[in-house]
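structure17.txt, holding compact mmCIF, N, CA and C atoms:
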```
# COMPACT_ATOMS: atom_id res chain seq x y z
N GLN A 1 8.05 -8.64 -40.58
CA GLN A 1 7.19 -9.09 -39.50
C GLN A 1 7.93 -8.94 -38.17
N VAL A 2 7.28 -8.34 -37.21
CA VAL A 2 7.91 -8.11 -35.92
C VAL A 2 7.92 -9.41 -35.11
N GLN A 3 9.06 -9.70 -34.53
CA GLN A 3 9.18 -10.85 -33.64
C GLN A 3 9.86 -10.43 -32.35
N VAL A 4 9.44 -11.08 -31.29
CA VAL A 4 10.04 -10.84 -29.98
C VAL A 4 10.64 -12.15 -29.51
N VAL A 5 11.91 -12.14 -29.21
CA VAL A 5 12.60 -13.37 -28.84
C VAL A 5 13.30 -13.18 -27.51
N GLU A 6 12.89 -13.99 -26.53
CA GLU A 6 13.54 -13.96 -25.22
C GLU A 6 14.66 -14.99 -25.16
N SER A 7 15.62 -14.72 -24.33
CA SER A 7 16.69 -15.68 -24.09
C SER A 7 17.25 -15.42 -22.69
N GLY A 8 18.03 -16.38 -22.22
CA GLY A 8 18.71 -16.19 -20.94
C GLY A 8 18.09 -16.90 -19.76
N GLY A 9 16.97 -17.57 -19.97
CA GLY A 9 16.37 -18.30 -18.87
C GLY A 9 17.20 -19.51 -18.50
N GLY A 10 16.78 -20.20 -17.47
CA GLY A 10 17.50 -21.39 -17.04
C GLY A 10 17.25 -21.66 -15.58
N SER A 11 18.19 -22.35 -14.97
CA SER A 11 18.07 -22.71 -13.56
C SER A 11 19.07 -21.95 -12.72
N ALA A 12 18.67 -21.65 -11.52
CA ALA A 12 19.56 -20.97 -10.57
C ALA A 12 19.21 -21.43 -9.16
N ARG A 13 20.16 -21.30 -8.29
CA ARG A 13 19.91 -21.62 -6.88
C ARG A 13 19.37 -20.38 -6.18
N PRO A 14 18.67 -20.56 -5.10
CA PRO A 14 18.23 -19.39 -4.33
C PRO A 14 19.41 -18.49 -4.00
N GLY A 15 19.20 -17.20 -4.22
CA GLY A 15 20.27 -16.24 -4.03
C GLY A 15 21.08 -15.99 -5.27
N GLY A 16 20.87 -16.78 -6.29
CA GLY A 16 21.62 -16.64 -7.52
C GLY A 16 21.07 -15.56 -8.44
N SER A 17 21.64 -15.51 -9.64
CA SER A 17 21.27 -14.46 -10.59
C SER A 17 21.07 -15.05 -11.98
N LEU A 18 20.23 -14.39 -12.74
CA LEU A 18 20.05 -14.68 -14.15
C LEU A 18 19.79 -13.38 -14.88
N ARG A 19 20.14 -13.35 -16.14
CA ARG A 19 19.88 -12.17 -16.96
C ARG A 19 19.11 -12.59 -18.19
N LEU A 20 17.94 -12.00 -18.35
CA LEU A 20 17.09 -12.27 -19.51
C LEU A 20 17.26 -11.17 -20.55
N SER A 21 17.17 -11.58 -21.81
CA SER A 21 17.23 -10.62 -22.91
C SER A 21 15.97 -10.75 -23.76
N CYS A 22 15.59 -9.64 -24.36
CA CYS A 22 14.40 -9.60 -25.22
C CYS A 22 14.76 -8.81 -26.46
N ALA A 23 14.87 -9.49 -27.58
CA ALA A 23 15.22 -8.83 -28.83
C ALA A 23 13.98 -8.66 -29.69
N VAL A 24 13.75 -7.45 -30.14
CA VAL A 24 12.63 -7.15 -31.05
C VAL A 24 13.21 -7.00 -32.45
N THR A 25 12.81 -7.87 -33.34
CA THR A 25 13.36 -7.86 -34.69
C THR A 25 12.26 -7.60 -35.71
N GLY A 26 12.67 -7.21 -36.91
CA GLY A 26 11.72 -7.02 -38.00
C GLY A 26 11.15 -5.62 -38.07
N SER A 27 11.64 -4.70 -37.22
CA SER A 27 11.10 -3.35 -37.23
C SER A 27 12.16 -2.39 -36.73
N SER A 28 13.13 -2.11 -37.61
CA SER A 28 14.29 -1.35 -37.17
C SER A 28 13.99 0.12 -36.92
N ASN A 29 12.87 0.64 -37.45
CA ASN A 29 12.57 2.06 -37.32
C ASN A 29 11.58 2.38 -36.22
N SER A 30 11.21 1.41 -35.45
CA SER A 30 10.23 1.64 -34.40
C SER A 30 10.86 1.50 -33.02
N ILE A 31 10.27 2.20 -32.09
CA ILE A 31 10.70 2.10 -30.70
C ILE A 31 9.56 1.47 -29.92
N TYR A 32 9.91 0.67 -28.95
CA TYR A 32 8.89 -0.07 -28.22
C TYR A 32 9.01 0.15 -26.72
N HIS A 33 7.84 0.26 -26.12
CA HIS A 33 7.80 0.10 -24.67
C HIS A 33 8.01 -1.39 -24.42
N MET A 34 8.75 -1.73 -23.37
CA MET A 34 9.02 -3.14 -23.10
C MET A 34 8.62 -3.51 -21.69
N GLY A 35 8.02 -4.67 -21.59
CA GLY A 35 7.64 -5.15 -20.27
C GLY A 35 8.00 -6.61 -20.11
N TRP A 36 8.36 -6.97 -18.91
CA TRP A 36 8.59 -8.38 -18.57
C TRP A 36 7.45 -8.85 -17.68
N TYR A 37 6.89 -9.97 -18.06
CA TYR A 37 5.81 -10.60 -17.31
C TYR A 37 6.24 -12.02 -16.95
N ARG A 38 5.57 -12.59 -15.98
CA ARG A 38 5.84 -13.99 -15.66
C ARG A 38 4.54 -14.70 -15.32
N GLN A 39 4.58 -16.00 -15.55
CA GLN A 39 3.41 -16.82 -15.25
C GLN A 39 3.88 -18.13 -14.65
N ALA A 40 3.50 -18.35 -13.42
CA ALA A 40 3.80 -19.60 -12.73
C ALA A 40 2.64 -20.57 -12.97
N PRO A 41 2.87 -21.86 -12.82
CA PRO A 41 1.80 -22.85 -13.05
C PRO A 41 0.57 -22.55 -12.19
N GLY A 42 -0.58 -22.52 -12.84
CA GLY A 42 -1.82 -22.29 -12.13
C GLY A 42 -2.07 -20.85 -11.73
N MET A 43 -1.18 -19.97 -12.15
CA MET A 43 -1.31 -18.56 -11.76
C MET A 43 -1.55 -17.70 -13.00
N GLN A 44 -2.06 -16.50 -12.76
CA GLN A 44 -2.23 -15.55 -13.86
C GLN A 44 -0.89 -14.91 -14.21
N ARG A 45 -0.79 -14.48 -15.43
CA ARG A 45 0.41 -13.75 -15.85
C ARG A 45 0.44 -12.41 -15.13
N GLU A 46 1.61 -12.04 -14.64
CA GLU A 46 1.73 -10.80 -13.88
C GLU A 46 2.92 -9.98 -14.39
N LEU A 47 2.76 -8.68 -14.27
CA LEU A 47 3.84 -7.78 -14.66
C LEU A 47 4.96 -7.84 -13.63
N VAL A 48 6.18 -7.95 -14.11
CA VAL A 48 7.35 -7.93 -13.26
C VAL A 48 8.03 -6.56 -13.30
N ALA A 49 8.26 -6.06 -14.49
CA ALA A 49 8.92 -4.77 -14.66
C ALA A 49 8.64 -4.25 -16.06
N ALA A 50 8.65 -2.93 -16.20
CA ALA A 50 8.40 -2.33 -17.50
C ALA A 50 9.26 -1.08 -17.66
N ILE A 51 9.64 -0.82 -18.90
CA ILE A 51 10.39 0.38 -19.22
C ILE A 51 9.81 0.95 -20.51
N ASN A 52 9.47 2.23 -20.47
CA ASN A 52 8.85 2.79 -21.67
C ASN A 52 9.92 3.37 -22.60
N SER A 53 9.46 3.93 -23.69
CA SER A 53 10.39 4.41 -24.71
C SER A 53 11.27 5.55 -24.20
N ALA A 54 10.79 6.28 -23.18
CA ALA A 54 11.56 7.39 -22.62
C ALA A 54 12.48 6.94 -21.50
N GLY A 55 12.37 5.68 -21.13
CA GLY A 55 13.24 5.17 -20.08
C GLY A 55 12.62 5.16 -18.69
N SER A 56 11.35 5.53 -18.59
CA SER A 56 10.69 5.46 -17.29
C SER A 56 10.43 4.00 -16.93
N ILE A 57 10.63 3.69 -15.67
CA ILE A 57 10.60 2.30 -15.21
C ILE A 57 9.62 2.12 -14.06
N ASN A 58 8.97 0.98 -14.06
CA ASN A 58 8.23 0.59 -12.87
C ASN A 58 8.41 -0.90 -12.62
N TYR A 59 8.36 -1.25 -11.34
CA TYR A 59 8.56 -2.63 -10.91
C TYR A 59 7.40 -3.11 -10.07
N ALA A 60 7.12 -4.40 -10.17
CA ALA A 60 6.23 -5.02 -9.21
C ALA A 60 6.92 -5.01 -7.85
N ASP A 61 6.13 -5.01 -6.80
CA ASP A 61 6.73 -5.00 -5.46
C ASP A 61 7.67 -6.18 -5.27
N SER A 62 7.33 -7.31 -5.86
CA SER A 62 8.14 -8.51 -5.68
C SER A 62 9.51 -8.39 -6.34
N ALA A 63 9.64 -7.45 -7.28
CA ALA A 63 10.89 -7.29 -8.02
C ALA A 63 11.76 -6.15 -7.50
N LYS A 64 11.17 -5.25 -6.76
CA LYS A 64 11.90 -4.07 -6.31
C LYS A 64 13.10 -4.46 -5.46
N GLY A 65 14.24 -3.85 -5.79
CA GLY A 65 15.45 -4.11 -5.02
C GLY A 65 16.22 -5.34 -5.45
N ARG A 66 15.61 -6.19 -6.28
CA ARG A 66 16.28 -7.41 -6.71
C ARG A 66 16.46 -7.47 -8.23
N PHE A 67 15.49 -6.94 -8.96
CA PHE A 67 15.52 -7.01 -10.42
C PHE A 67 15.80 -5.63 -11.00
N THR A 68 16.47 -5.61 -12.14
CA THR A 68 16.75 -4.36 -12.83
C THR A 68 16.40 -4.52 -14.30
N ILE A 69 15.53 -3.65 -14.79
CA ILE A 69 15.17 -3.66 -16.20
C ILE A 69 15.96 -2.56 -16.91
N SER A 70 16.37 -2.85 -18.13
CA SER A 70 17.11 -1.85 -18.90
C SER A 70 16.83 -2.11 -20.39
N ARG A 71 17.33 -1.21 -21.23
CA ARG A 71 17.11 -1.36 -22.66
C ARG A 71 18.27 -0.76 -23.43
N ASP A 72 18.45 -1.26 -24.63
CA ASP A 72 19.41 -0.72 -25.57
C ASP A 72 18.63 -0.38 -26.82
N ASN A 73 18.30 0.90 -26.99
CA ASN A 73 17.44 1.29 -28.12
C ASN A 73 18.11 1.02 -29.46
N ALA A 74 19.41 1.14 -29.52
CA ALA A 74 20.11 0.92 -30.78
C ALA A 74 19.96 -0.52 -31.25
N LYS A 75 19.83 -1.42 -30.28
CA LYS A 75 19.69 -2.84 -30.62
C LYS A 75 18.24 -3.32 -30.54
N ASN A 76 17.34 -2.42 -30.14
CA ASN A 76 15.94 -2.81 -29.91
C ASN A 76 15.86 -4.03 -29.00
N THR A 77 16.63 -3.98 -27.95
CA THR A 77 16.73 -5.10 -27.02
C THR A 77 16.51 -4.63 -25.60
N GLY A 78 15.77 -5.42 -24.85
CA GLY A 78 15.56 -5.14 -23.44
C GLY A 78 16.19 -6.24 -22.60
N TYR A 79 16.43 -5.91 -21.33
CA TYR A 79 17.08 -6.85 -20.43
C TYR A 79 16.38 -6.84 -19.08
N LEU A 80 16.46 -7.97 -18.42
CA LEU A 80 15.99 -8.07 -17.04
C LEU A 80 17.08 -8.80 -16.25
N GLU A 81 17.75 -8.05 -15.41
CA GLU A 81 18.77 -8.61 -14.53
C GLU A 81 18.08 -9.01 -13.24
N MET A 82 18.18 -10.29 -12.90
CA MET A 82 17.49 -10.81 -11.71
C MET A 82 18.52 -11.30 -10.71
N ASN A 83 18.53 -10.69 -9.56
CA ASN A 83 19.46 -11.06 -8.49
C ASN A 83 18.69 -11.54 -7.26
N SER A 84 19.41 -12.15 -6.35
CA SER A 84 18.79 -12.65 -5.11
C SER A 84 17.53 -13.44 -5.41
N LEU A 85 17.64 -14.35 -6.35
CA LEU A 85 16.48 -15.11 -6.80
C LEU A 85 15.93 -15.97 -5.68
N LYS A 86 14.61 -16.14 -5.72
CA LYS A 86 13.90 -16.93 -4.74
C LYS A 86 13.13 -18.04 -5.46
N PRO A 87 12.81 -19.13 -4.77
CA PRO A 87 12.02 -20.19 -5.42
C PRO A 87 10.71 -19.66 -5.99
N GLU A 88 10.13 -18.66 -5.37
CA GLU A 88 8.86 -18.12 -5.87
C GLU A 88 9.02 -17.29 -7.14
N ASP A 89 10.25 -17.08 -7.57
CA ASP A 89 10.48 -16.44 -8.87
C ASP A 89 10.36 -17.43 -10.03
N THR A 90 10.24 -18.70 -9.70
CA THR A 90 10.11 -19.73 -10.72
C THR A 90 8.84 -19.50 -11.55
N ALA A 91 9.02 -19.38 -12.85
CA ALA A 91 7.91 -19.09 -13.75
C ALA A 91 8.44 -19.07 -15.18
N VAL A 92 7.51 -19.00 -16.12
CA VAL A 92 7.87 -18.68 -17.50
C VAL A 92 7.83 -17.16 -17.61
N TYR A 93 8.90 -16.59 -18.10
CA TYR A 93 9.00 -15.14 -18.24
C TYR A 93 8.77 -14.75 -19.70
N TYR A 94 7.90 -13.78 -19.87
CA TYR A 94 7.54 -13.32 -21.21
C TYR A 94 7.91 -11.85 -21.38
N CYS A 95 8.35 -11.53 -22.58
CA CYS A 95 8.61 -10.14 -22.92
C CYS A 95 7.47 -9.62 -23.80
N ASN A 96 7.03 -8.42 -23.50
CA ASN A 96 5.99 -7.76 -24.30
C ASN A 96 6.55 -6.46 -24.84
N ALA A 97 6.40 -6.26 -26.13
CA ALA A 97 6.87 -5.02 -26.77
C ALA A 97 5.67 -4.32 -27.40
N ILE A 98 5.49 -3.06 -27.06
CA ILE A 98 4.38 -2.27 -27.58
C ILE A 98 4.94 -1.08 -28.34
N ASN A 99 4.49 -0.93 -29.57
CA ASN A 99 4.94 0.18 -30.41
C ASN A 99 4.59 1.50 -29.73
N TRP A 100 5.57 2.38 -29.58
CA TRP A 100 5.35 3.60 -28.80
C TRP A 100 4.38 4.57 -29.46
N LYS A 101 4.14 4.41 -30.78
CA LYS A 101 3.21 5.31 -31.49
C LYS A 101 1.82 4.70 -31.62
N ASP A 102 1.71 3.37 -31.48
CA ASP A 102 0.42 2.72 -31.66
C ASP A 102 0.34 1.54 -30.70
N SER A 103 -0.38 1.73 -29.61
CA SER A 103 -0.44 0.70 -28.58
C SER A 103 -1.17 -0.56 -29.04
N ASN A 104 -1.85 -0.49 -30.18
CA ASN A 104 -2.50 -1.69 -30.73
C ASN A 104 -1.47 -2.67 -31.27
N LEU A 105 -0.28 -2.17 -31.56
CA LEU A 105 0.80 -3.02 -32.07
C LEU A 105 1.58 -3.55 -30.87
N SER A 106 1.10 -4.67 -30.36
CA SER A 106 1.66 -5.29 -29.16
C SER A 106 2.11 -6.70 -29.50
N TYR A 107 3.31 -7.03 -29.10
CA TYR A 107 3.90 -8.31 -29.48
C TYR A 107 4.43 -9.03 -28.25
N TRP A 108 4.24 -10.35 -28.26
CA TRP A 108 4.72 -11.18 -27.16
C TRP A 108 5.77 -12.16 -27.66
N GLY A 109 6.72 -12.44 -26.81
CA GLY A 109 7.67 -13.50 -27.09
C GLY A 109 7.09 -14.85 -26.69
N GLN A 110 7.86 -15.88 -26.95
CA GLN A 110 7.40 -17.24 -26.69
C GLN A 110 7.60 -17.65 -25.22
N GLY A 111 8.36 -16.86 -24.49
CA GLY A 111 8.59 -17.16 -23.09
C GLY A 111 9.87 -17.93 -22.86
N THR A 112 10.44 -17.72 -21.69
CA THR A 112 11.65 -18.46 -21.31
C THR A 112 11.50 -18.90 -19.85
N GLN A 113 11.82 -20.15 -19.61
CA GLN A 113 11.62 -20.73 -18.28
C GLN A 113 12.73 -20.30 -17.33
N VAL A 114 12.32 -19.88 -16.15
CA VAL A 114 13.25 -19.60 -15.06
C VAL A 114 12.86 -20.50 -13.89
N THR A 115 13.82 -21.29 -13.42
CA THR A 115 13.58 -22.20 -12.31
C THR A 115 14.60 -21.92 -11.21
N VAL A 116 14.09 -21.67 -10.03
CA VAL A 116 14.95 -21.39 -8.88
C VAL A 116 14.72 -22.46 -7.84
N SER A 117 15.73 -23.25 -7.59
CA SER A 117 15.59 -24.32 -6.61
C SER A 117 16.96 -24.72 -6.10
N SER A 118 16.96 -25.31 -4.93
CA SER A 118 18.23 -25.76 -4.36
C SER A 118 18.46 -27.24 -4.67
```
Could you rewrite the structure in this file as structure tokens?
Amino acid sequence: QVQVVESGGGSARPGGSLRLSCAVTGSSNSIYHMGWYRQAPGMQRELVAAINSAGSINYADSAKGRFTISRDNAKNTGYLEMNSLKPEDTAVYYCNAINWKDSNLSYWGQGTQVTVSS
């Protein structure tokens, strides 16, 4: 059974950094497109950054220049390096993994809280 597990959330001060990890387990022979989303209280879930199986990347405007998405295919793990954090980055961050051969196979993690405050 495929599972997506995020880690690395926590608290940071404005201007600080955090690194999130997303491990996809239970499917060692598959490759996944990976995306990071976030949802703040009372807001819709929004895409932050995504990286496909070929390594192509796109970022939300709010993430450009501050966040870096990457992946380690050998470990089936994705990362989101967040720098110059702002209070408005506070949200629950979710990882989404989509099987590169079948987009119907889409999996979400449980989310990890990121709080940015002074």
How would you write, as a ChimeraX atom specification, the set of residues in chain A that DSSP gives as helix (DSSP H, G or I)?
/A:73-75,87-89
Can you pull out every residue within 7 Å of segment 100-107 of chain A, counting only C-alpha atoms, but drop anything in the same chain fewer than 2 positions away, and send it as a PDB file with N, CA and C atoms, in the coordinates of the input?
```
ATOM      1  N   VAL A   4       9.440 -11.080 -31.290  1.00  0.00           N
ATOM      2  CA  VAL A   4      10.040 -10.840 -29.980  1.00  0.00           C
ATOM      3  C   VAL A   4      10.640 -12.150 -29.510  1.00  0.00           C
ATOM      4  N   ILE A  31      10.270   2.200 -32.090  1.00  0.00           N
ATOM      5  CA  ILE A  31      10.700   2.100 -30.700  1.00  0.00           C
ATOM      6  C   ILE A  31       9.560   1.470 -29.920  1.00  0.00           C
ATOM      7  N   TYR A  32       9.910   0.670 -28.950  1.00  0.00           N
ATOM      8  CA  TYR A  32       8.890  -0.070 -28.220  1.00  0.00           C
ATOM      9  C   TYR A  32       9.010   0.150 -26.720  1.00  0.00           C
ATOM     10  N   HIS A  33       7.840   0.260 -26.120  1.00  0.00           N
ATOM     11  CA  HIS A  33       7.800   0.100 -24.670  1.00  0.00           C
ATOM     12  C   HIS A  33       8.010  -1.390 -24.420  1.00  0.00           C
ATOM     13  N   SER A  53       9.460   3.930 -23.690  1.00  0.00           N
ATOM     14  CA  SER A  53      10.390   4.410 -24.710  1.00  0.00           C
ATOM     15  C   SER A  53      11.270   5.550 -24.200  1.00  0.00           C
ATOM     16  N   ASN A  96       7.030  -8.420 -23.500  1.00  0.00           N
ATOM     17  CA  ASN A  96       5.990  -7.760 -24.300  1.00  0.00           C
ATOM     18  C   ASN A  96       6.550  -6.460 -24.840  1.00  0.00           C
ATOM     19  N   ALA A  97       6.400  -6.260 -26.130  1.00  0.00           N
ATOM     20  CA  ALA A  97       6.870  -5.020 -26.770  1.00  0.00           C
ATOM     21  C   ALA A  97       5.670  -4.320 -27.400  1.00  0.00           C
ATOM     22  N   ILE A  98       5.490  -3.060 -27.060  1.00  0.00           N
ATOM     23  CA  ILE A  98       4.380  -2.270 -27.580  1.00  0.00           C
ATOM     24  C   ILE A  98       4.940  -1.080 -28.340  1.00  0.00           C
ATOM     25  N   GLY A 109       6.720 -12.440 -26.810  1.00  0.00           N
ATOM     26  CA  GLY A 109       7.670 -13.500 -27.090  1.00  0.00           C
ATOM     27  C   GLY A 109       7.090 -14.850 -26.690  1.00  0.00           C
TER      28      GLY A 109
END
```
Can you work out which one of A:Ser17, A:Arg38, A:Ile69, A:Lys75 has the shortest atom-to-atom distance to Ala50 of chain A, counting only N, CA and C atoms?
A:Ile69
In Å, how far is it from atom N of Val92 of chain A to atom N of Thr112 of chain A?
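Interatomic distance here is 6.4 Å.
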Just to confirm, what's the straight-line distance from atom CA of Leu80 of chain A to atom CA of Val2 of chain A in Å (one decimal)?
20.5 Å
Nearest residue to Arg71 of chain A out of A:Ser21, A:Asn58, A:Asn99, A:Thr115, using only C-alpha atoms?
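Among the listed residues, the smallest separation from Arg71 of chain A belongs to A:Ser21.
Taking atom N of Pro14 of chain A and atom N of Ile51 of chain A as the two end points, the separation is 25.7 Å.
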Please determine, counting only C-alpha atoms, which residue among A:Thr77, A:Leu20, A:Ser84, A:Tyr93 has the shortest atom-to-atom distance to Leu47 of chain A.
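Closest residue, counting only C-alpha atoms: A:Tyr93.
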List the spatial neighbours of Gln110 of chain A as a list in words - criterion: any atom at most 6 Å away, all atoms listed in the file, same-chain residues fewer than 3 positions off excluded.
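Close residues of Gln110 of chain A: Val4, Val5, Glu6 and Tyr94 of chain A.
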